[in-house]
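Read through the structure below, which is laid out as structure tokens, and then see the notes.
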Amino acid sequence: MKLNKLIKYLESIAPLSYQESYDNAGLIVGDPNTSIKGVLICLDSTEDIIKEARKRKCNVVIAHHPIVFKGLKKFNGKNYVERTVMQAIKHDICIYAIHTNLDNVYHNGVSSKIAEKLKLKNLQILAPKQNMVKLQFYLNPNQIHAFQNATSREGIPDSLSNLHSLLAARTGLKEDAAEMKYETTLAKNEVSQVVHFLQKATGNTSIDYQTNTVANINAKVGSGMIGSLNKPILTSTFFKRLKEDMNLSGFRHTAILSKKIQKIAVCGGAGGFLLPEAIRAGADVFVTADYKYHEFFDADGQIIIADIGHYESEQYTIELLHGLITKKFSNFASHCTKLNTNPVFYY
Ligand SMILES: [Zn+2]
């Protein structure tokens, strides 16, 4: 099976358009037409992971964190990023990252996995994405024909995986002309790409379209999650459970408050930016990672911040991706890494 097919599936769960602007999710190294021999799943695609992939006969690495965030100008192996990319290319190993796009989905996302581990109910996205727009465009019969020809010839690019659903969402005829109206909600930064693609696919015709900012917000897309336990429990009981459920040797937290714990906000990785949302939503505790000393003061007697460590908070993402891939595909082997790539050690 071609890697392309696996990518399409992963992006049907976590479309690339959901990633944050600083991110670099997607296929980072390799050809999407590569035939998959085996898949290795990890959080960080390090040099050791590439070695493990070679040993386990995997030519595709699916990582949560992108190994490359900014432009690489030289490939001399002077740091771990250059060395990892060089090793991957040398040994024909593809690296695909599914990062903040996976953080930002309601189902099968990084934070929903934490919520599942903590047995939280009534889950909601903590900070739904705001920058969604409704795109409406109209195609005349010639354009529809040209578009269908172009896409059956060249396919729809991975970056526009949403377009499938978009084309299914025909909502009727424009009042004054024999044009078909299409409508979809998508991320703001995706609009120009979609319009450009439509123009090109219809032979550089001008596309009649309009956009409206959607006030709601897509409640199923965004960062962090909030949910609740069946009944309130003592903080000490919750802390004990947190350690067990997230397999922690310890964690840092702010002062324990007098009330019991029932509502819990979670965010995998560096979630400190969501603290105001967690407080506003009435969370008793916010489970996340990457807190700095002064930021702990922001709990301010209103909430308990529990910093469980970046790797620890995201470790079950590996199991999540493995479950999704093995459930869908049986024609190649997919493995969870045996390595712990956490760069942080505790003494
Ligand atoms: Zn992370």
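Simple scheme: letters A, B, ... for chains in structure tokens order, numbers from 1 for residues in each chain, numbers from 1 for ligands in the order shown.
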- Message: Around ligand 1, which protein and nucleic acid residues have at least one atom no more than 10 Å from it, if we count only C-alpha atoms and all ligand atoms? List them as a count of residues only.
- Response: 24
Q.
Neighbouring residues of stretch 139-144 of chain A were defined as those with any atom within 6 Å, considering only C-alpha atoms; residues of the same chain fewer than 3 positions away were excluded. Please report them as an MDAnalysis selection string.
A. chainID A and resid 147 179:180 202
| Quick one: of A:His253, A:Lys240, A:Arg153, A:Arg280, who's nearest to A:Ala265, counting only C-alpha atoms? |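 Among the listed residues, the smallest separation from A:Ala265 belongs to A:Arg280.
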_With DSSP run on the backbone, what are the helix (DSSP H, G or I) residues within stretch 95-276 of chain A? I'd like them as JSON, numbers by chain._
{"A": [100, 101, 102, 103, 110, 111, 112, 113, 114, 115, 116, 117, 141, 142, 143, 144, 145, 146, 147, 148, 149, 150, 151, 152, 153, 154, 158, 159, 160, 163, 164, 165, 166, 167, 168, 188, 189, 190, 191, 192, 193, 194, 195, 196, 197, 198, 199, 200, 201, 235, 236, 237, 238, 239, 240, 241, 242, 243, 244, 245, 272, 273, 274, 275, 276]}
A:Lys188: which residues within 10 Å, counting only C-alpha atoms, same-chain residues fewer than 5 positions away excluded, as a ChimeraX atom specification? /A:17,130-135,193,211-214
Could those residues be written to a file, using N, CA and C atoms, as a PDB file, in the first residue's frame?
ATOM      1  N   SER A  17      -5.233  21.411   7.950  1.00  0.00           N
ATOM      2  CA  SER A  17      -5.677  22.792   8.134  1.00  0.00           C
ATOM      3  C   SER A  17      -5.956  23.103   9.603  1.00  0.00           C
ATOM      4  N   GLN A 130     -11.305  29.671  16.671  1.00  0.00           N
ATOM      5  CA  GLN A 130     -12.105  30.832  16.299  1.00  0.00           C
ATOM      6  C   GLN A 130     -12.003  31.168  14.818  1.00  0.00           C
ATOM      7  N   ASN A 131     -10.911  30.775  14.212  1.00  0.00           N
ATOM      8  CA  ASN A 131     -10.656  31.298  12.871  1.00  0.00           C
ATOM      9  C   ASN A 131     -11.237  30.414  11.770  1.00  0.00           C
ATOM     10  N   MET A 132     -12.525  30.055  11.940  1.00  0.00           N
ATOM     11  CA  MET A 132     -13.167  29.256  10.912  1.00  0.00           C
ATOM     12  C   MET A 132     -14.024  30.184  10.040  1.00  0.00           C
ATOM     13  N   VAL A 133     -14.134  29.867   8.780  1.00  0.00           N
ATOM     14  CA  VAL A 133     -14.992  30.658   7.896  1.00  0.00           C
ATOM     15  C   VAL A 133     -15.876  29.723   7.085  1.00  0.00           C
ATOM     16  N   LYS A 134     -17.022  30.291   6.665  1.00  0.00           N
ATOM     17  CA  LYS A 134     -17.881  29.534   5.766  1.00  0.00           C
ATOM     18  C   LYS A 134     -17.523  29.988   4.347  1.00  0.00           C
ATOM     19  N   LEU A 135     -17.169  29.046   3.508  1.00  0.00           N
ATOM     20  CA  LEU A 135     -16.839  29.364   2.112  1.00  0.00           C
ATOM     21  C   LEU A 135     -17.981  28.863   1.233  1.00  0.00           C
ATOM     22  N   GLN A 193      -5.953  28.752  -0.571  1.00  0.00           N
ATOM     23  CA  GLN A 193      -5.435  27.511  -1.156  1.00  0.00           C
ATOM     24  C   GLN A 193      -6.552  26.777  -1.927  1.00  0.00           C
ATOM     25  N   THR A 211     -16.936  34.506   1.438  1.00  0.00           N
ATOM     26  CA  THR A 211     -16.627  33.906   2.742  1.00  0.00           C
ATOM     27  C   THR A 211     -17.291  34.710   3.850  1.00  0.00           C
ATOM     28  N   ASN A 212     -17.706  34.028   4.898  1.00  0.00           N
ATOM     29  CA  ASN A 212     -18.239  34.674   6.098  1.00  0.00           C
ATOM     30  C   ASN A 212     -17.575  34.059   7.310  1.00  0.00           C
ATOM     31  N   THR A 213     -17.152  34.906   8.238  1.00  0.00           N
ATOM     32  CA  THR A 213     -16.583  34.363   9.469  1.00  0.00           C
ATOM     33  C   THR A 213     -17.693  33.664  10.250  1.00  0.00           C
ATOM     34  N   VAL A 214     -17.394  32.493  10.758  1.00  0.00           N
ATOM     35  CA  VAL A 214     -18.422  31.738  11.478  1.00  0.00           C
ATOM     36  C   VAL A 214     -18.297  32.074  12.957  1.00  0.00           C
TER      37      VAL A 214
END
Checklist entry - If you count only C-alpha atoms, which residues fall within 8 Å of A:Leu3, apart from same-chain ones fewer than 6 positions away, as a PyMOL selection string? => result chain A and resi 32-36+60
Go ahead and save the residues from that selection, with C-alpha atoms, as a PDB file, in the first residue's frame.
ATOM      1  CA  PRO A  32       4.131   9.983  -0.717  1.00  0.00           C
ATOM      2  CA  ASN A  33       4.180   7.277  -3.412  1.00  0.00           C
ATOM      3  CA  THR A  34       6.476   5.063  -1.346  1.00  0.00           C
ATOM      4  CA  SER A  35       5.145   1.530  -0.787  1.00  0.00           C
ATOM      5  CA  ILE A  36       4.807   0.934   2.938  1.00  0.00           C
ATOM      6  CA  VAL A  60       7.673   4.947   7.529  1.00  0.00           C
TER       7      VAL A  60
END
Identify all residues of stretch 3-78 of chain A in strand (DSSP E) (DSSP on the backbone) and supply them as a ChimeraX atom specification. /A:26-29,38-44,60-65
| message | Can you measure atom CA of A:Ala219 to atom CA of A:Asn104 for me? One decimal in Å is fine. | response |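 Computing the Euclidean distance for atom CA of A:Ala219 and atom CA of A:Asn104 yields 10.4 Å.
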Separating atom CA of A:His335 from atom CA of A:Glu47, to the nearest tenth of an Å, is a gap of 17.1 Å
* Which residues, written as number ranges by chain, have at least one atom at most 10 Å from A:Gly250, with only C-alpha atoms counted and residues fewer than 6 positions away on the same chain left out? -> A: 239-240, 242-243, 307-309, 346
I'd like the contact shell of A:Lys5 - 12 Å cut-off, only C-alpha atoms, skipping same-chain residues fewer than 2 positions apart - returned as a PyMOL selection string. chain A and resi 1-3+7-12+32-36+157-158+161+325+328-329+331
Write out the residues from the selection above, keeping C-alpha atoms, as a PDB file, in the first residue's frame.
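This went into out.pdb:
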ATOM      1  CA  MET A   1       0.000   0.000   0.000  1.00  0.00           C
ATOM      2  CA  LYS A   2       1.209   3.503  -0.817  1.00  0.00           C
ATOM      3  CA  LEU A   3       2.033   5.940   1.975  1.00  0.00           C
ATOM      4  CA  ILE A   7      -1.686   9.937   4.980  1.00  0.00           C
ATOM      5  CA  LYS A   8      -5.159  10.505   3.555  1.00  0.00           C
ATOM      6  CA  TYR A   9      -6.633   8.419   6.361  1.00  0.00           C
ATOM      7  CA  LEU A  10      -4.670  10.224   9.096  1.00  0.00           C
ATOM      8  CA  GLU A  11      -5.676  13.580   7.631  1.00  0.00           C
ATOM      9  CA  SER A  12      -9.324  12.551   7.550  1.00  0.00           C
ATOM     10  CA  PRO A  32       4.131   9.983  -0.717  1.00  0.00           C
ATOM     11  CA  ASN A  33       4.180   7.277  -3.412  1.00  0.00           C
ATOM     12  CA  THR A  34       6.476   5.063  -1.346  1.00  0.00           C
ATOM     13  CA  SER A  35       5.145   1.530  -0.787  1.00  0.00           C
ATOM     14  CA  ILE A  36       4.807   0.934   2.938  1.00  0.00           C
ATOM     15  CA  PRO A 157      -3.771  17.210  -3.143  1.00  0.00           C
ATOM     16  CA  ASP A 158      -3.336  15.960   0.441  1.00  0.00           C
ATOM     17  CA  SER A 161      -8.347  16.503   1.949  1.00  0.00           C
ATOM     18  CA  ILE A 325      -3.825   2.548  12.045  1.00  0.00           C
ATOM     19  CA  LYS A 328      -8.038   0.507   9.525  1.00  0.00           C
ATOM     20  CA  PHE A 329      -5.192  -1.314   7.741  1.00  0.00           C
ATOM     21  CA  ASN A 331      -1.774  -5.024   4.919  1.00  0.00           C
TER      22      ASN A 331
END
message = I'd like to know which of A:Arg252, A:Leu321, A:Asp48, A:Thr341 is closest to A:Ile305, using only C-alpha atoms.
response =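 Using only C-alpha atoms, A:Ile305 sits closest to A:Arg252.
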Shortest contact to A:Glu52, candidates A:Ala88, A:Ile261, A:Ala25, A:Ala278, atoms counted only C-alpha atoms, goes to A:Ala88
task: Using only C-alpha atoms, find the one residue out of A:Val287, A:Leu186, A:Leu120, A:Val266 that sits nearest to A:Val221.
output: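 Of A:Val287, A:Leu186, A:Leu120, A:Val266, the one nearest A:Val221, counting only C-alpha atoms, is A:Leu186.
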A:Phe75 proximity check over A:Asn247, A:Ile318, A:Ile49, A:Ile89, using only C-alpha atoms: winner is A:Ile89
Using only C-alpha atoms, the best pick from A:Tyr347, A:Ile62, A:Val195, A:Asn76 as closest to A:His322 would be A:Ile62
Quiz item: Distance atom CA of A:Tyr80-atom CA of A:Ile67, one decimal place?
Solution: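 Spanning atom CA of A:Tyr80 to atom CA of A:Ile67 is a straight-line distance of 9.1 Å.
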